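Heads up: the structure comes next, in structure tokens.
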Amino acid sequence: MSRENWSKDSWQSYPALQQAEWPDQQAYQKILQQITALPPLVFAGEIRKLKALLADAAQGKAFLLQGGDCAEEFSECTAPTIRETMKVILQMAVVLTYAGEKPVIKMGRIAGQYAKPRSKPTEIQNGIELPSFRGDMVNAADFSSKARTPDCQRLLTSYFHSAASLNILRAFTRGGYASLEKVHAWNKEFVKQSAEGKSYETLANDIEKALTFMKVIGFDPQSVPQLSEAYFYTSHEALLLGYEEALTRQDSLTGMWYDCSAHMVWIGDRTRQLNGAHIEYLRGVHNPIGMKIGPEHDIDEIKQIMEVLNPENEWGRMVIITRFGKDKVAQYLPELLKNFKQEGFNVLWSCDPMHGNTYTSESNYKTRNFKDIHSEIRSFFQIHHAEGTVPGGVHFELTGKDVTECVGGGQDIMDHHLENNYATSCDPRLNAQQSLDLAFLIAEMLKN
Ligand code: PEP
Ligand code: CO
């Protein structure tokens, strides 16, 4: 099929996997019209700014930290939940910035991460078969026919929840809440409170010294925007193409099209078929595009996708998010890097150490082990160093809450603790402390 002519709806003539089956097509079209008429959630100018930062990260001059829920929930769209997620990402970022001596791009899986791809279209419980839960943007998690029937009203609800989340994120980051001093104070608290945190004392003290020095020479942290404010970018998987199309807008300055549902969107491991609708849609919008790559990939297809998504080989356009699992990363990543080097593809390499390390615990919870997550990141860094490529970012499923969904970390969460506060509606997330533990461990890798 020809890839010449793109329009925001040209994806509709390609096969689209993982879409919802809306029972009422007329109602669905009406909802999409409503969303099309609503304001964009982000601006093209912000997207371009992010792309420039990602171009830096791809070349080793910045680092990408992306994290948030596997699946956001409408009921969790509250100021405290959003604040805590943002807080832990900012805390991690300060540690990484200091250790890596370069800017850290802070990006949430937030303000739009409401739709999920599923490995099976239906779920069977006690002999009853119902459609799978596909995220709050599509249906509800309860196991009843009513809850699992896709409801297109949820698309509009997702838009408004995304808008509310973005609004509070902008207020937090510009209103002084995200100042460097504040974030550092939280980190000091973490170091003081946890036994495990003690081993990070040196790094925290170094940051303290740097801050004191700045004050002594006359910087007032509150009056310098770089110190008193933060930029926080949003991202989600571009899964439901009707929704993404409705938020696709033409920039009045440049005439270019952008997916204004988020600053960056990514394409999942399950929906990146060369001749599929997702690739067709994404090739025409000028956002930075994430692409997940797992062990099942076909290298020739990946190369062709790269040509389609980034024909000009623009820096900052492509973020390749590898998710092989700790045992397979050594088998697949070097080959992938070699191929990309050979083709001369300009990309930012990021590591998702979550999705290849999921297993079911003896207590029957879907979980991930902190050690495995750490191990995949370590291999990611080592392999990039060996190949002479840049390990430019990390991608986590995390929450600012004190959940017990992943085992291990400083709190030594064990199998039998998982039931204490297992709250995710999809994949297991790192809790606030596990996330910070990891940030300090990655800081070590960035220093070396
Ligand atoms: C995800 O990031 O939530 C996800 C589904 O990942 P992947 O496409 O890599 O499986
Ligand atoms: Co997930």
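If you're wondering about the labels, chains in the structure tokens are A, B, ... by order shown, residues count from 1 in each chain, ligands from 1 in order shown.
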Determine, counting only C-alpha atoms, which protein, DNA and RNA residues have an atom within 9 Å of an atom of Asp327 in chain A; residues of the same chain fewer than 2 positions away are not included. Present the result as a compact mmCIF listing (two decimals) with N, CA and C atoms, in the first residue's frame.
```txt
# COMPACT_ATOMS: atom_id res chain seq x y z
N PHE A 324 12.95 -6.43 26.98
CA PHE A 324 13.25 -7.82 26.67
C PHE A 324 13.14 -8.75 27.87
N GLY A 325 13.30 -8.22 29.06
CA GLY A 325 13.38 -9.08 30.24
C GLY A 325 14.84 -9.31 30.55
N VAL A 329 17.67 -9.79 27.43
CA VAL A 329 18.23 -8.52 26.96
C VAL A 329 19.59 -8.74 26.29
N ALA A 330 20.39 -9.63 26.84
CA ALA A 330 21.73 -9.87 26.27
C ALA A 330 21.63 -10.59 24.92
N GLN A 331 20.54 -11.30 24.72
CA GLN A 331 20.34 -12.03 23.48
C GLN A 331 19.88 -11.10 22.35
N GLY A 356 9.11 -7.07 30.48
CA GLY A 356 9.71 -8.37 30.19
C GLY A 356 10.01 -9.16 31.46
N ASN A 357 9.63 -8.61 32.60
CA ASN A 357 9.97 -9.26 33.87
C ASN A 357 8.75 -9.53 34.75
N ASP A 372 15.19 -8.21 39.36
CA ASP A 372 15.13 -8.43 37.91
C ASP A 372 15.10 -7.09 37.16
N SER A 375 18.43 -5.66 37.31
CA SER A 375 19.32 -6.44 36.45
C SER A 375 19.16 -6.05 34.97
N GLU A 376 17.91 -5.89 34.53
CA GLU A 376 17.74 -5.53 33.11
C GLU A 376 18.32 -4.15 32.82
```
Apply DSSP to the structure's backbone, then extract all residues of range 291-359 of chain A labelled helix (DSSP H, G or I) and return them as an MDAnalysis selection string. chainID A and resid 299:309 329:343
What lies within 12 Å of range 220-231 of chain A using only C-alpha atoms, ignoring chain neighbours under 5 positions off, as an NGL selection string? :A and (46-47 or 49-50 or 53 or 86-87 or 89-91 or 93-94 or 103-108 or 166 or 169-184 or 210-215 or 263)
Distance filter 12 Å around ligand 2, atoms: only C-alpha atoms and all ligand atoms, out as a ChimeraX atom specification: /A:67-72,109,113-119,134-135,236-237,268-269,292,323,352-358,366-368,395-398,424-430
Resulting file, chosen residues, N, CA and C atoms, as a tab-separated table (two decimals), in the first residue's frame:
```tsv
chain	number	residue	atom	x	y	z
A	67	GLY	N	7.66	7.63	33.59
A	67	GLY	CA	7.07	6.68	34.53
A	67	GLY	C	5.66	7.04	34.93
A	68	GLY	N	4.95	6.06	35.40
A	68	GLY	CA	3.58	6.27	35.88
A	68	GLY	C	2.83	4.95	35.89
A	69	ASP	N	1.53	5.05	36.09
A	69	ASP	CA	0.71	3.84	36.16
A	69	ASP	C	0.78	3.03	34.88
A	70	CYS	N	0.56	1.73	35.03
A	70	CYS	CA	0.36	0.90	33.83
A	70	CYS	C	-0.92	1.38	33.17
A	71	ALA	N	-1.98	1.44	33.96
A	71	ALA	CA	-3.26	1.97	33.48
A	71	ALA	C	-3.75	2.98	34.50
A	72	GLU	N	-3.99	4.20	34.06
A	72	GLU	CA	-4.61	5.17	34.97
A	72	GLU	C	-6.07	4.81	35.17
A	109	ARG	N	3.68	8.69	32.56
A	109	ARG	CA	2.66	7.89	31.87
A	109	ARG	C	1.39	8.37	32.53
A	113	GLN	N	-3.29	7.87	29.97
A	113	GLN	CA	-2.94	6.44	29.88
A	113	GLN	C	-4.15	5.60	30.36
A	114	TYR	N	-5.24	5.71	29.61
A	114	TYR	CA	-6.49	5.08	30.03
A	114	TYR	C	-6.91	3.88	29.20
A	115	ALA	N	-6.12	3.53	28.17
A	115	ALA	CA	-6.52	2.39	27.33
A	115	ALA	C	-5.41	1.35	27.33
A	116	LYS	N	-5.77	0.09	27.39
A	116	LYS	CA	-4.79	-1.00	27.47
A	116	LYS	C	-4.96	-2.03	26.37
A	117	PRO	N	-3.84	-2.46	25.78
A	117	PRO	CA	-3.92	-3.62	24.89
A	117	PRO	C	-4.02	-4.88	25.76
A	118	ARG	N	-4.70	-5.88	25.32
A	118	ARG	CA	-4.80	-7.13	26.10
A	118	ARG	C	-4.35	-8.31	25.26
A	119	SER	N	-3.76	-9.30	25.94
A	119	SER	CA	-3.30	-10.46	25.16
A	119	SER	C	-4.47	-11.32	24.69
A	134	ARG	N	-10.32	-3.33	29.07
A	134	ARG	CA	-9.38	-2.64	28.18
A	134	ARG	C	-8.99	-1.25	28.67
A	135	GLY	N	-9.20	-1.01	29.96
A	135	GLY	CA	-8.88	0.30	30.51
A	135	GLY	C	-10.13	1.15	30.64
A	236	HIS	N	1.32	8.71	26.75
A	236	HIS	CA	0.52	7.49	26.90
A	236	HIS	C	0.65	6.66	25.63
A	237	GLU	N	0.17	5.43	25.68
A	237	GLU	CA	0.18	4.60	24.48
A	237	GLU	C	-0.93	5.08	23.55
A	268	GLY	N	2.68	0.39	21.10
A	268	GLY	CA	2.98	-0.79	21.92
A	268	GLY	C	3.59	-1.92	21.11
A	269	ASP	N	4.09	-2.88	21.84
A	269	ASP	CA	4.71	-4.06	21.22
A	269	ASP	C	3.66	-4.86	20.42
A	292	LYS	N	7.82	0.48	21.44
A	292	LYS	CA	8.24	-0.62	22.30
A	292	LYS	C	8.76	-1.76	21.43
A	323	ARG	N	12.14	-3.78	25.84
A	323	ARG	CA	11.55	-4.47	27.01
A	323	ARG	C	11.70	-5.97	26.82
A	352	ASP	N	12.72	-0.22	29.20
A	352	ASP	CA	11.55	-0.57	30.00
A	352	ASP	C	11.86	-1.90	30.67
A	353	PRO	N	12.26	-1.88	31.94
A	353	PRO	CA	12.65	-3.11	32.61
A	353	PRO	C	11.46	-3.80	33.28
A	354	MET	N	10.25	-3.33	32.95
A	354	MET	CA	9.05	-3.83	33.63
A	354	MET	C	8.40	-4.98	32.84
A	355	HIS	N	8.08	-4.71	31.56
A	355	HIS	CA	7.18	-5.61	30.83
A	355	HIS	C	7.77	-6.96	30.44
A	356	GLY	N	9.11	-7.07	30.48
A	356	GLY	CA	9.71	-8.37	30.19
A	356	GLY	C	10.01	-9.16	31.46
A	357	ASN	N	9.63	-8.61	32.60
A	357	ASN	CA	9.97	-9.26	33.87
A	357	ASN	C	8.75	-9.53	34.75
A	358	THR	N	7.62	-9.78	34.11
A	358	THR	CA	6.39	-10.01	34.86
A	358	THR	C	6.21	-11.51	35.08
A	366	LYS	N	0.14	-11.13	39.96
A	366	LYS	CA	1.02	-10.74	38.87
A	366	LYS	C	2.03	-9.76	39.48
A	367	THR	N	3.32	-10.10	39.40
A	367	THR	CA	4.28	-9.25	40.08
A	367	THR	C	5.58	-9.12	39.29
A	368	ARG	N	6.51	-8.33	39.82
A	368	ARG	CA	7.84	-8.18	39.24
A	368	ARG	C	8.82	-8.08	40.40
A	395	HIS	N	12.10	3.69	31.49
A	395	HIS	CA	10.63	3.72	31.42
A	395	HIS	C	10.08	2.79	32.50
A	396	PHE	N	9.35	3.36	33.46
A	396	PHE	CA	8.87	2.56	34.59
A	396	PHE	C	7.37	2.58	34.74
A	397	GLU	N	6.85	1.51	35.34
A	397	GLU	CA	5.49	1.57	35.86
A	397	GLU	C	5.64	1.77	37.36
A	398	LEU	N	5.20	2.92	37.82
A	398	LEU	CA	5.40	3.29	39.22
A	398	LEU	C	4.24	4.13	39.72
A	424	THR	N	-3.20	-2.18	41.84
A	424	THR	CA	-3.19	-1.85	40.40
A	424	THR	C	-4.36	-2.50	39.67
A	425	SER	N	-4.83	-1.80	38.63
A	425	SER	CA	-5.90	-2.39	37.82
A	425	SER	C	-5.31	-3.12	36.62
A	426	CYS	N	-3.97	-3.07	36.50
A	426	CYS	CA	-3.36	-3.76	35.36
A	426	CYS	C	-2.03	-4.37	35.80
A	427	ASP	N	-0.89	-3.80	35.40
A	427	ASP	CA	0.40	-4.38	35.77
A	427	ASP	C	0.89	-3.86	37.13
A	428	PRO	N	1.76	-4.65	37.79
A	428	PRO	CA	2.33	-4.24	39.09
A	428	PRO	C	3.31	-3.08	38.95
A	429	ARG	N	3.17	-2.10	39.85
A	429	ARG	CA	3.99	-0.88	39.81
A	429	ARG	C	5.00	-0.86	40.96
A	430	LEU	N	6.10	-0.18	40.73
A	430	LEU	CA	7.03	0.10	41.83
A	430	LEU	C	6.35	1.10	42.75
```
Residue nearest Gln382 in chain A - candidates A:Met445, A:Ala27, A:Ile305, A:Leu41, atoms counted: only C-alpha atoms: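 Looking at the shortest contact to Gln382 in chain A, the residue is A:Met445.
Considering the residues A:Tyr200, A:Tyr243, A:Trp186, A:Trp266 and counting only C-alpha atoms and all ligand atoms, ligand 1 has its shortest atom-to-atom contact with A:Trp266.
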Need the shell around Leu96 in chain A: protein/DNA/RNA residues with any atom at most 10 Å away, counting only C-alpha atoms. Skip same-chain ones fewer than 3 positions apart. Format as a list of chain:residue names?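 Here the answer would be A:Phe63, A:Leu64, A:Leu65, A:Leu90, A:Gln91, A:Met92, A:Ala93, A:Ala99, A:Gly100, A:Glu101, A:Lys102, A:Pro103, A:Val104, A:Ala439, A:Phe440, A:Leu441, A:Ile442, A:Ala443, A:Glu444, A:Met445, A:Leu446, A:Lys447.
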Hey, can you check how far CA of Gly242 in chain A sits from CA of Tyr281 in chain A?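 Answer for the CA of Gly242 in chain A to CA of Tyr281 in chain A separation: 10.2 Å.
Using only C-alpha atoms and all ligand atoms, the nearest neighbour of ligand 1 within the list A:Gly255, A:Gly294, A:Pro39, A:Gly127 is A:Gly294.
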Do you have the CA of Thr36 in chain A-CA of Ala20 in chain A distance handy?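 Value for the CA of Thr36 in chain A-CA of Ala20 in chain A distance: 18.8 Å.
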Pick from A:Ser350, A:Thr404, A:Asn205, A:Gln18 nearest to Glu189 in chain A, counting only C-alpha atoms: A:Asn205
Residue nearest Asn167 in chain A - candidates A:Val42, A:Met264, A:Ile299, A:Ala195, atoms counted: only C-alpha atoms: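 For Asn167 in chain A, the nearest of the candidates is A:Val42.
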